[in-house]
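Below: run.pdb (PDB, C-alpha atoms)
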MODEL        1
ATOM      1  CA  MET A   1      24.559  -6.793 -15.740
ATOM      2  CA  GLN A   2      24.598  -9.722 -18.155
ATOM      3  CA  THR A   3      27.078  -9.690 -21.020
ATOM      4  CA  THR A   4      26.487 -11.279 -24.383
ATOM      5  CA  PRO A   5      29.358 -13.486 -25.524
ATOM      6  CA  VAL A   6      31.205 -12.343 -28.632
ATOM      7  CA  ARG A   7      30.312 -14.313 -31.761
ATOM      8  CA  TRP A   8      33.304 -14.521 -34.039
ATOM      9  CA  THR A   9      33.009 -14.817 -37.812
ATOM     10  CA  THR A  10      35.281 -15.800 -40.667
ATOM     11  CA  ALA A  11      35.807 -12.102 -41.467
ATOM     12  CA  ASP A  12      37.211 -11.576 -37.949
ATOM     13  CA  LEU A  13      40.074 -13.968 -38.691
ATOM     14  CA  GLU A  14      41.657 -11.238 -40.832
ATOM     15  CA  LEU A  15      42.614  -9.557 -37.534
ATOM     16  CA  PHE A  16      45.147 -12.349 -36.986
ATOM     17  CA  ALA A  17      46.474 -12.667 -40.549
ATOM     18  CA  GLY A  18      50.091 -11.858 -39.619
ATOM     19  CA  ASP A  19      50.287 -14.211 -36.626
ATOM     20  CA  ARG A  20      52.264 -17.336 -37.556
ATOM     21  CA  LYS A  21      52.702 -18.537 -33.941
ATOM     22  CA  ASN A  22      49.067 -19.462 -33.358
ATOM     23  CA  ARG A  23      46.235 -21.283 -35.112
ATOM     24  CA  TYR A  24      42.790 -19.670 -35.064
ATOM     25  CA  GLU A  25      39.550 -21.590 -35.539
ATOM     26  CA  ILE A  26      35.899 -20.660 -35.046
ATOM     27  CA  ILE A  27      33.308 -23.220 -33.998
ATOM     28  CA  ASP A  28      29.733 -22.062 -33.492
ATOM     29  CA  GLY A  29      30.980 -18.476 -33.227
ATOM     30  CA  GLU A  30      33.517 -19.294 -30.486
ATOM     31  CA  LEU A  31      37.170 -18.484 -31.147
ATOM     32  CA  PHE A  32      39.717 -21.232 -30.416
ATOM     33  CA  VAL A  33      43.383 -20.230 -30.315
ATOM     34  CA  THR A  34      46.133 -22.833 -30.153
ATOM     35  CA  LYS A  35      49.896 -22.706 -30.485
ATOM     36  CA  SER A  36      51.440 -23.821 -33.741
ATOM     37  CA  PRO A  37      51.762 -27.613 -33.749
ATOM     38  CA  SER A  38      54.914 -29.300 -32.447
ATOM     39  CA  TRP A  39      57.455 -31.213 -34.526
ATOM     40  CA  ASP A  40      56.041 -34.610 -33.421
ATOM     41  CA  HIS A  41      52.510 -33.473 -34.182
ATOM     42  CA  GLN A  42      53.445 -32.340 -37.690
ATOM     43  CA  SER A  43      55.540 -35.471 -38.239
ATOM     44  CA  SER A  44      52.448 -37.595 -37.500
ATOM     45  CA  CYS A  45      50.392 -35.449 -39.886
ATOM     46  CA  GLY A  46      53.036 -36.022 -42.553
ATOM     47  CA  ASN A  47      52.934 -39.778 -41.992
ATOM     48  CA  ILE A  48      49.137 -39.829 -42.203
ATOM     49  CA  VAL A  49      48.954 -37.760 -45.383
ATOM     50  CA  THR A  50      51.692 -39.922 -46.933
ATOM     51  CA  VAL A  51      49.884 -43.240 -46.364
ATOM     52  CA  LEU A  52      46.603 -41.719 -47.564
ATOM     53  CA  ASN A  53      48.184 -40.211 -50.680
ATOM     54  CA  ASN A  54      50.101 -43.421 -51.467
ATOM     55  CA  TRP A  55      46.788 -45.308 -51.370
ATOM     56  CA  SER A  56      45.130 -42.517 -53.381
ATOM     57  CA  ASP A  57      47.866 -42.663 -56.037
ATOM     58  CA  GLU A  58      47.365 -46.423 -56.363
ATOM     59  CA  THR A  59      43.570 -46.188 -56.625
ATOM     60  CA  GLY A  60      43.085 -42.790 -58.244
ATOM     61  CA  LEU A  61      40.123 -42.184 -55.931
ATOM     62  CA  GLY A  62      41.011 -38.906 -54.210
ATOM     63  CA  LYS A  63      43.566 -36.718 -52.460
ATOM     64  CA  ALA A  64      44.737 -35.985 -48.939
ATOM     65  CA  ALA A  65      46.022 -32.657 -47.638
ATOM     66  CA  ILE A  66      47.606 -31.330 -44.445
ATOM     67  CA  ALA A  67      45.867 -28.506 -42.551
ATOM     68  CA  PRO A  68      43.463 -27.188 -45.167
ATOM     69  CA  GLY A  69      40.985 -24.682 -43.833
ATOM     70  CA  ILE A  70      37.334 -25.664 -44.028
ATOM     71  CA  ILE A  71      34.835 -22.815 -44.122
ATOM     72  CA  PHE A  72      31.571 -24.547 -43.262
ATOM     73  CA  SER A  73      29.826 -21.252 -42.555
ATOM     74  CA  ASP A  74      30.561 -17.747 -41.359
ATOM     75  CA  SER A  75      30.643 -19.031 -37.753
ATOM     76  CA  ASP A  76      32.327 -22.419 -38.379
ATOM     77  CA  ASN A  77      35.822 -22.172 -39.826
ATOM     78  CA  VAL A  78      38.336 -24.857 -38.793
ATOM     79  CA  ILE A  79      41.752 -26.206 -39.727
ATOM     80  CA  PRO A  80      41.804 -30.001 -39.386
ATOM     81  CA  ASP A  81      45.215 -31.658 -39.351
ATOM     82  CA  VAL A  82      44.571 -33.910 -42.365
ATOM     83  CA  VAL A  83      41.639 -34.430 -44.702
ATOM     84  CA  TRP A  84      40.926 -36.840 -47.537
ATOM     85  CA  ALA A  85      38.329 -36.190 -50.218
ATOM     86  CA  SER A  86      37.315 -38.124 -53.287
ATOM     87  CA  HIS A  87      37.927 -36.386 -56.607
ATOM     88  CA  GLU A  88      34.178 -36.247 -57.137
ATOM     89  CA  ARG A  89      33.481 -34.527 -53.848
ATOM     90  CA  LEU A  90      36.558 -32.299 -54.010
ATOM     91  CA  LYS A  91      35.468 -30.568 -57.211
ATOM     92  CA  ASN A  92      32.243 -29.512 -55.445
ATOM     93  CA  LEU A  93      33.921 -28.421 -52.186
ATOM     94  CA  LEU A  94      36.519 -25.917 -53.377
ATOM     95  CA  ASP A  95      35.675 -22.228 -53.718
ATOM     96  CA  GLU A  96      37.353 -19.865 -56.202
ATOM     97  CA  ALA A  97      40.243 -19.303 -53.779
ATOM     98  CA  GLY A  98      40.782 -23.068 -53.332
ATOM     99  CA  HIS A  99      39.318 -23.313 -49.816
ATOM    100  CA  LEU A 100      37.119 -26.195 -48.740
ATOM    101  CA  THR A 101      33.538 -25.081 -48.159
ATOM    102  CA  GLY A 102      32.023 -28.368 -47.044
ATOM    103  CA  ALA A 103      32.764 -31.724 -45.498
ATOM    104  CA  PRO A 104      35.404 -33.981 -47.028
ATOM    105  CA  GLU A 105      34.756 -37.698 -46.544
ATOM    106  CA  LEU A 106      37.569 -38.150 -43.969
ATOM    107  CA  VAL A 107      38.925 -35.762 -41.333
ATOM    108  CA  VAL A 108      41.896 -36.579 -39.099
ATOM    109  CA  GLU A 109      42.944 -34.708 -35.964
ATOM    110  CA  VAL A 110      46.213 -35.425 -34.152
ATOM    111  CA  LEU A 111      45.725 -34.599 -30.487
ATOM    112  CA  SER A 112      47.748 -31.725 -29.112
ATOM    113  CA  PRO A 113      48.760 -31.828 -25.445
ATOM    114  CA  GLY A 114      46.371 -30.380 -22.914
ATOM    115  CA  GLU A 115      42.897 -31.078 -21.612
ATOM    116  CA  LYS A 116      41.418 -28.113 -23.486
ATOM    117  CA  ASN A 117      42.840 -29.286 -26.820
ATOM    118  CA  GLU A 118      41.655 -32.847 -26.241
ATOM    119  CA  LYS A 119      38.153 -31.661 -25.358
ATOM    120  CA  ARG A 120      38.029 -29.511 -28.497
ATOM    121  CA  ASP A 121      38.945 -32.471 -30.770
ATOM    122  CA  LYS A 122      36.946 -35.166 -28.954
ATOM    123  CA  GLU A 123      33.794 -33.164 -28.280
ATOM    124  CA  THR A 124      33.468 -29.832 -30.082
ATOM    125  CA  LYS A 125      35.014 -30.851 -33.412
ATOM    126  CA  LEU A 126      33.420 -34.302 -33.284
ATOM    127  CA  LYS A 127      30.014 -32.634 -33.023
ATOM    128  CA  LEU A 128      30.812 -30.130 -35.786
ATOM    129  CA  TYR A 129      32.106 -32.794 -38.181
ATOM    130  CA  SER A 130      29.107 -34.975 -37.394
ATOM    131  CA  VAL A 131      26.619 -32.176 -38.118
ATOM    132  CA  GLN A 132      28.472 -31.145 -41.283
ATOM    133  CA  GLY A 133      28.381 -34.638 -42.819
ATOM    134  CA  VAL A 134      31.932 -35.961 -42.461
ATOM    135  CA  GLN A 135      31.768 -39.723 -43.147
ATOM    136  CA  GLU A 136      34.733 -40.783 -41.007
ATOM    137  CA  TYR A 137      36.804 -39.044 -38.315
ATOM    138  CA  TRP A 138      40.108 -40.321 -36.917
ATOM    139  CA  ILE A 139      41.478 -38.943 -33.648
ATOM    140  CA  CYS A 140      45.153 -39.863 -33.425
ATOM    141  CA  ASP A 141      46.940 -39.866 -30.086
ATOM    142  CA  SER A 142      50.700 -39.818 -30.706
ATOM    143  CA  ILE A 143      51.528 -40.215 -26.995
ATOM    144  CA  GLN A 144      49.441 -43.369 -26.478
ATOM    145  CA  LYS A 145      50.000 -44.472 -30.102
ATOM    146  CA  LYS A 146      46.316 -45.075 -30.732
ATOM    147  CA  VAL A 147      43.600 -44.068 -33.169
ATOM    148  CA  GLU A 148      39.925 -43.651 -32.357
ATOM    149  CA  VAL A 149      37.872 -44.229 -35.500
ATOM    150  CA  TYR A 150      34.438 -42.616 -35.730
ATOM    151  CA  ARG A 151      32.129 -43.606 -38.575
ATOM    152  CA  ARG A 152      28.803 -42.203 -39.663
ATOM    153  CA  GLU A 153      25.881 -44.250 -38.386
ATOM    154  CA  GLN A 154      22.617 -42.817 -39.626
ATOM    155  CA  ALA A 155      23.036 -39.092 -38.968
ATOM    156  CA  ALA A 156      25.963 -39.019 -36.521
ATOM    157  CA  LEU A 157      29.603 -40.001 -36.127
ATOM    158  CA  LYS A 158      29.905 -42.885 -33.638
ATOM    159  CA  LEU A 159      33.007 -44.537 -32.186
ATOM    160  CA  ALA A 160      33.568 -47.649 -34.310
ATOM    161  CA  ALA A 161      37.020 -48.761 -33.112
ATOM    162  CA  THR A 162      39.970 -47.888 -30.908
ATOM    163  CA  LEU A 163      43.162 -49.156 -32.488
ATOM    164  CA  PHE A 164      46.670 -49.439 -31.026
ATOM    165  CA  SER A 165      50.194 -49.672 -32.499
ATOM    166  CA  GLN A 166      50.024 -53.273 -33.730
ATOM    167  CA  ASP A 167      46.454 -53.004 -35.037
ATOM    168  CA  GLU A 168      45.677 -52.527 -38.698
ATOM    169  CA  LEU A 169      43.693 -49.454 -39.717
ATOM    170  CA  THR A 170      41.212 -50.093 -42.531
ATOM    171  CA  SER A 171      38.200 -48.188 -43.751
ATOM    172  CA  PRO A 172      35.105 -49.020 -45.779
ATOM    173  CA  LEU A 173      35.446 -45.464 -47.085
ATOM    174  CA  LEU A 174      38.855 -46.324 -48.596
ATOM    175  CA  PRO A 175      38.557 -49.701 -50.373
ATOM    176  CA  GLY A 176      41.719 -51.775 -49.985
ATOM    177  CA  PHE A 177      43.401 -49.259 -47.652
ATOM    178  CA  ASN A 178      45.287 -50.765 -44.721
ATOM    179  CA  CYS A 179      48.047 -49.477 -42.505
ATOM    180  CA  LEU A 180      49.578 -50.482 -39.202
ATOM    181  CA  VAL A 181      48.729 -47.806 -36.642
ATOM    182  CA  SER A 182      52.430 -47.662 -35.647
ATOM    183  CA  LYS A 183      53.221 -46.237 -39.140
ATOM    184  CA  LEU A 184      51.224 -43.116 -38.325
ATOM    185  CA  PHE A 185      53.444 -42.032 -35.421
TER     186      PHE A 185
ENDMDL
END

Kindly transcribe the structure held in the file into structure tokens.
Amino acid sequence: MQTTPVRWTTADLELFAGDRKNRYEIIDGELFVTKSPSWDHQSSCGNIVTVLNNWSDETGLGKAAIAPGIIFSDSDNVIPDVVWASHERLKNLLDEAGHLTGAPELVVEVLSPGEKNEKRDKETKLKLYSVQGVQEYWICDSIQKKVEVYRREQAALKLAATLFSQDELTSPLLPGFNCLVSKLF
């Protein structure tokens, strides 16, 4: 007897509303459950959002946020670690409840330990963000102190650079932005 896999939806996430120990995401109807992020993970997220918001304050071009939910569709609902969106795009992305409903220009994921987590960020989320129109995607590895930068080429996100501690992170998406990779960890 063949079983049909369960397809999860955004409405199903209400089942877990009281659970503060885990993070729930749905990608293509598949439920992904991860433990709450560690101190080091959240510290890196804080560093990333700080450098992005400092640049944003100087330029007035947008805002960064930590762990906002993005509801792309009923079967694609994720919680990236950090996002940055221009003011122009942000006003079109937020629903009445203040949730993102489309792709911000930049998404950042800080890798959590474990092969399953790494595969989710480097394959499943990369594909989702690519399909949804994210312009740039940074995968930050706090253990190896490196950042993989993916940029949109034609219709897909492609690896543009792998940067290490002493390298400078810049982005054509963020004019004049620069930061030593070591400052992110």

Provide the atom CA of A:Pro37 to atom CA of A:Lys91 distance in Å, to one decimal place.
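Separating atom CA of A:Pro37 from atom CA of A:Lys91 is a distance of 28.7 Å.
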
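Taking atom CA of A:Ile70 and atom CA of A:Thr101 as endpoints, the distance between them is 5.6 Å.
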
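Using all atoms listed in the file, the shortest contact distance between A:Ser182 and any of A:Asp141, A:Glu123, A:Glu153, A:Glu115 is found at A:Asp141.
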
Can you work out the spacing between atom CA of A:Asn117 and atom CA of A:Phe32 in Å, to one decimal?
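It comes out at 9.4 Å.
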
Might you spell out which residues the PyMOL selection byres ((chain A and resi 128) around 10) would select in the displayed file, as a PyMOL selection string?
chain A and resi 27-28+72+76+78+121+123-127+129-134+157

Between A:Val149, A:Ile139, A:Leu61, A:Ala67, which has the minimum distance to A:Arg89 (counting all atoms listed in the file)?
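Smallest separation from A:Arg89 among the options: A:Leu61.
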
Compare A:Ser165, A:Gly60, A:Ile71, A:Ser38 by their minimum atom-to-atom distance to A:Gly98, counting all atoms listed in the file, and give me the closest one.
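With all atoms listed in the file as the atom set, the closest residue is A:Ile71.
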
Which of these, A:Pro5, A:Ile79, A:Ile66, A:Gly46, has the shortest distance to A:Asn22 once you count all atoms listed in the file?
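Closest to A:Asn22, using all atoms listed in the file: A:Ile79.
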
To verify the selection step, state as a list in words which residues the PyMOL selection byres ((chain A and resi 143) around 12) yields on this input.
Asp40, His41, Ser44, Val110, Leu111, Ser112, Pro113, Gly114, Cys140, Asp141, Ser142, Gln144, Lys145, Lys146, Val147, Phe164, Ser165, Ser182, Leu184 and Phe185 of chain A

Give me a file of those residues, with C-alpha atoms, as a short mmCIF file (atom, residue, chain, number, x, y, z; two decimals), keeping the file's coordinate frame.
data_model
loop_
_atom_site.label_atom_id
_atom_site.label_comp_id
_atom_site.auth_asym_id
_atom_site.auth_seq_id
_atom_site.Cartn_x
_atom_site.Cartn_y
_atom_site.Cartn_z
CA ASP A 40 56.04 -34.61 -33.42
CA HIS A 41 52.51 -33.47 -34.18
CA SER A 44 52.45 -37.60 -37.50
CA VAL A 110 46.21 -35.42 -34.15
CA LEU A 111 45.72 -34.60 -30.49
CA SER A 112 47.75 -31.72 -29.11
CA PRO A 113 48.76 -31.83 -25.44
CA GLY A 114 46.37 -30.38 -22.91
CA CYS A 140 45.15 -39.86 -33.42
CA ASP A 141 46.94 -39.87 -30.09
CA SER A 142 50.70 -39.82 -30.71
CA GLN A 144 49.44 -43.37 -26.48
CA LYS A 145 50.00 -44.47 -30.10
CA LYS A 146 46.32 -45.08 -30.73
CA VAL A 147 43.60 -44.07 -33.17
CA PHE A 164 46.67 -49.44 -31.03
CA SER A 165 50.19 -49.67 -32.50
CA SER A 182 52.43 -47.66 -35.65
CA LEU A 184 51.22 -43.12 -38.33
CA PHE A 185 53.44 -42.03 -35.42
#

Could you check the closest approach to A:Ala160 for each of A:Pro68, A:Pro104, A:Gly29, A:Pro172 and tell me which residue wins, using all atoms listed in the file?
A:Pro172

With all atoms listed in the file counted, which protein, DNA or RNA residues have an atom no more than 6 Å from (38.1, -28.2, -51.5) in the file frame? Please answer as number ranges by chain.
A: 90, 93-94, 99-100

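Distances from A:Tyr137, A:Tyr150, A:Phe16, A:Phe177 to A:Asp57 were compared using only C-alpha atoms, and the smallest one belongs to A:Phe177.
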
Could you tell me which residues the PyMOL selection byres ((chain A and resi 54) around 12) returns for this structure, as a list in words?
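Applying the PyMOL selection byres ((chain A and resi 54) around 12) to the structure shown produces Gly46, Asn47, Ile48, Val49, Thr50, Val51, Leu52, Asn53, Trp55, Ser56, Asp57, Glu58, Thr59, Gly60, Leu61, Gly62, Lys63, Ala64, Trp84, Leu174, Gly176, Phe177, Asn178 and Cys179 of chain A.
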
Starting from 4 Å padding per side, set up an axis-aligned box that covers all listed atoms of stretch 14-30 of chain A and hand over centre and edge lengths in Å, one decimal, as lines of an AutoDock Vina configuration file.
center_x = 41.2
center_y = -16.4
center_z = -35.7
size_x = 31.0
size_y = 21.7
size_z = 18.3

Please extract stretch 147-158 of chain A and write it out with all heavy atoms, as a PDB file, in the first residue's frame.
ATOM      1  N   VAL A 147      31.537  33.176   4.544  1.00  0.00           N
ATOM      2  CA  VAL A 147      30.247  33.541   3.973  1.00  0.00           C
ATOM      3  C   VAL A 147      30.240  33.131   2.502  1.00  0.00           C
ATOM      4  O   VAL A 147      31.152  33.482   1.753  1.00  0.00           O
ATOM      5  CB  VAL A 147      29.993  35.066   4.070  1.00  0.00           C
ATOM      6  CG1 VAL A 147      28.664  35.434   3.422  1.00  0.00           C
ATOM      7  CG2 VAL A 147      30.033  35.540   5.515  1.00  0.00           C
ATOM      8  N   GLU A 148      29.223  32.389   2.119  1.00  0.00           N
ATOM      9  CA  GLU A 148      28.994  32.088   0.709  1.00  0.00           C
ATOM     10  C   GLU A 148      27.964  33.093   0.220  1.00  0.00           C
ATOM     11  O   GLU A 148      26.883  33.222   0.801  1.00  0.00           O
ATOM     12  CB  GLU A 148      28.476  30.660   0.526  1.00  0.00           C
ATOM     13  CG  GLU A 148      29.505  29.603   0.862  1.00  0.00           C
ATOM     14  CD  GLU A 148      28.958  28.186   0.736  1.00  0.00           C
ATOM     15  OE1 GLU A 148      27.743  28.004   0.495  1.00  0.00           O
ATOM     16  OE2 GLU A 148      29.758  27.259   0.899  1.00  0.00           O
ATOM     17  N   VAL A 149      28.308  33.815  -0.833  1.00  0.00           N
ATOM     18  CA  VAL A 149      27.433  34.852  -1.377  1.00  0.00           C
ATOM     19  C   VAL A 149      26.852  34.360  -2.701  1.00  0.00           C
ATOM     20  O   VAL A 149      27.599  34.049  -3.630  1.00  0.00           O
ATOM     21  CB  VAL A 149      28.210  36.172  -1.603  1.00  0.00           C
ATOM     22  CG1 VAL A 149      27.314  37.220  -2.241  1.00  0.00           C
ATOM     23  CG2 VAL A 149      28.812  36.673  -0.297  1.00  0.00           C
ATOM     24  N   TYR A 150      25.535  34.277  -2.741  1.00  0.00           N
ATOM     25  CA  TYR A 150      24.814  33.897  -3.961  1.00  0.00           C
ATOM     26  C   TYR A 150      24.131  35.141  -4.498  1.00  0.00           C
ATOM     27  O   TYR A 150      23.501  35.883  -3.741  1.00  0.00           O
ATOM     28  CB  TYR A 150      23.760  32.822  -3.660  1.00  0.00           C
ATOM     29  CG  TYR A 150      24.351  31.508  -3.259  1.00  0.00           C
ATOM     30  CD1 TYR A 150      24.771  31.273  -1.951  1.00  0.00           C
ATOM     31  CD2 TYR A 150      24.512  30.480  -4.187  1.00  0.00           C
ATOM     32  CE1 TYR A 150      25.330  30.065  -1.575  1.00  0.00           C
ATOM     33  CE2 TYR A 150      25.069  29.257  -3.818  1.00  0.00           C
ATOM     34  CZ  TYR A 150      25.473  29.060  -2.505  1.00  0.00           C
ATOM     35  OH  TYR A 150      26.029  27.865  -2.138  1.00  0.00           O
ATOM     36  N   ARG A 151      24.272  35.366  -5.796  1.00  0.00           N
ATOM     37  CA  ARG A 151      23.640  36.519  -6.442  1.00  0.00           C
ATOM     38  C   ARG A 151      22.808  36.041  -7.627  1.00  0.00           C
ATOM     39  O   ARG A 151      23.154  35.057  -8.278  1.00  0.00           O
ATOM     40  CB  ARG A 151      24.688  37.527  -6.911  1.00  0.00           C
ATOM     41  CG  ARG A 151      25.406  38.164  -5.752  1.00  0.00           C
ATOM     42  CD  ARG A 151      26.162  39.425  -6.117  1.00  0.00           C
ATOM     43  NE  ARG A 151      26.725  39.990  -4.901  1.00  0.00           N
ATOM     44  CZ  ARG A 151      28.026  40.050  -4.628  1.00  0.00           C
ATOM     45  NH1 ARG A 151      28.913  39.623  -5.513  1.00  0.00           N
ATOM     46  NH2 ARG A 151      28.438  40.556  -3.488  1.00  0.00           N
ATOM     47  N   ARG A 152      21.756  36.778  -7.888  1.00  0.00           N
ATOM     48  CA  ARG A 152      20.866  36.440  -8.995  1.00  0.00           C
ATOM     49  C   ARG A 152      21.577  36.667 -10.320  1.00  0.00           C
ATOM     50  O   ARG A 152      22.102  37.739 -10.579  1.00  0.00           O
ATOM     51  CB  ARG A 152      19.599  37.297  -8.932  1.00  0.00           C
ATOM     52  CG  ARG A 152      18.603  36.943 -10.019  1.00  0.00           C
ATOM     53  CD  ARG A 152      17.212  37.421  -9.681  1.00  0.00           C
ATOM     54  NE  ARG A 152      16.652  36.718  -8.532  1.00  0.00           N
ATOM     55  CZ  ARG A 152      16.181  35.466  -8.553  1.00  0.00           C
ATOM     56  NH1 ARG A 152      16.188  34.781  -9.667  1.00  0.00           N
ATOM     57  NH2 ARG A 152      15.699  34.901  -7.473  1.00  0.00           N
ATOM     58  N   GLU A 153      21.630  35.617 -11.104  1.00  0.00           N
ATOM     59  CA  GLU A 153      22.129  35.666 -12.483  1.00  0.00           C
ATOM     60  C   GLU A 153      20.995  35.155 -13.337  1.00  0.00           C
ATOM     61  O   GLU A 153      20.622  33.988 -13.214  1.00  0.00           O
ATOM     62  CB  GLU A 153      23.348  34.754 -12.659  1.00  0.00           C
ATOM     63  CG  GLU A 153      24.658  35.368 -12.300  1.00  0.00           C
ATOM     64  CD  GLU A 153      25.808  34.408 -12.606  1.00  0.00           C
ATOM     65  OE1 GLU A 153      25.725  33.651 -13.602  1.00  0.00           O
ATOM     66  OE2 GLU A 153      26.762  34.417 -11.828  1.00  0.00           O
ATOM     67  N   GLN A 154      20.459  36.032 -14.162  1.00  0.00           N
ATOM     68  CA  GLN A 154      19.287  35.722 -14.965  1.00  0.00           C
ATOM     69  C   GLN A 154      18.162  35.315 -14.022  1.00  0.00           C
ATOM     70  O   GLN A 154      17.680  36.129 -13.275  1.00  0.00           O
ATOM     71  CB  GLN A 154      19.609  34.700 -16.040  1.00  0.00           C
ATOM     72  CG  GLN A 154      20.609  35.238 -17.034  1.00  0.00           C
ATOM     73  CD  GLN A 154      21.404  34.155 -17.728  1.00  0.00           C
ATOM     74  OE1 GLN A 154      21.297  32.984 -17.429  1.00  0.00           O
ATOM     75  NE2 GLN A 154      22.225  34.574 -18.672  1.00  0.00           N
ATOM     76  N   ALA A 155      17.753  34.077 -13.995  1.00  0.00           N
ATOM     77  CA  ALA A 155      16.593  33.700 -13.196  1.00  0.00           C
ATOM     78  C   ALA A 155      16.934  32.859 -11.965  1.00  0.00           C
ATOM     79  O   ALA A 155      16.046  32.294 -11.348  1.00  0.00           O
ATOM     80  CB  ALA A 155      15.609  32.941 -14.064  1.00  0.00           C
ATOM     81  N   ALA A 156      18.218  32.775 -11.593  1.00  0.00           N
ATOM     82  CA  ALA A 156      18.575  31.898 -10.479  1.00  0.00           C
ATOM     83  C   ALA A 156      19.685  32.497  -9.624  1.00  0.00           C
ATOM     84  O   ALA A 156      20.492  33.296 -10.095  1.00  0.00           O
ATOM     85  CB  ALA A 156      19.030  30.548 -11.026  1.00  0.00           C
ATOM     86  N   LEU A 157      19.716  32.094  -8.361  1.00  0.00           N
ATOM     87  CA  LEU A 157      20.807  32.483  -7.470  1.00  0.00           C
ATOM     88  C   LEU A 157      21.998  31.573  -7.746  1.00  0.00           C
ATOM     89  O   LEU A 157      21.866  30.344  -7.735  1.00  0.00           O
ATOM     90  CB  LEU A 157      20.381  32.363  -6.007  1.00  0.00           C
ATOM     91  CG  LEU A 157      19.362  33.397  -5.529  1.00  0.00           C
ATOM     92  CD1 LEU A 157      18.789  33.007  -4.167  1.00  0.00           C
ATOM     93  CD2 LEU A 157      19.994  34.777  -5.461  1.00  0.00           C
ATOM     94  N   LYS A 158      23.149  32.173  -7.997  1.00  0.00           N
ATOM     95  CA  LYS A 158      24.388  31.432  -8.290  1.00  0.00           C
ATOM     96  C   LYS A 158      25.471  31.865  -7.311  1.00  0.00           C
ATOM     97  O   LYS A 158      25.549  33.043  -6.949  1.00  0.00           O
ATOM     98  CB  LYS A 158      24.877  31.730  -9.716  1.00  0.00           C
ATOM     99  CG  LYS A 158      23.880  31.435 -10.799  1.00  0.00           C
ATOM    100  CD  LYS A 158      23.810  29.978 -11.106  1.00  0.00           C
ATOM    101  CE  LYS A 158      22.885  29.768 -12.304  1.00  0.00           C
ATOM    102  NZ  LYS A 158      22.592  28.410 -12.548  1.00  0.00           N
TER     103      LYS A 158
END
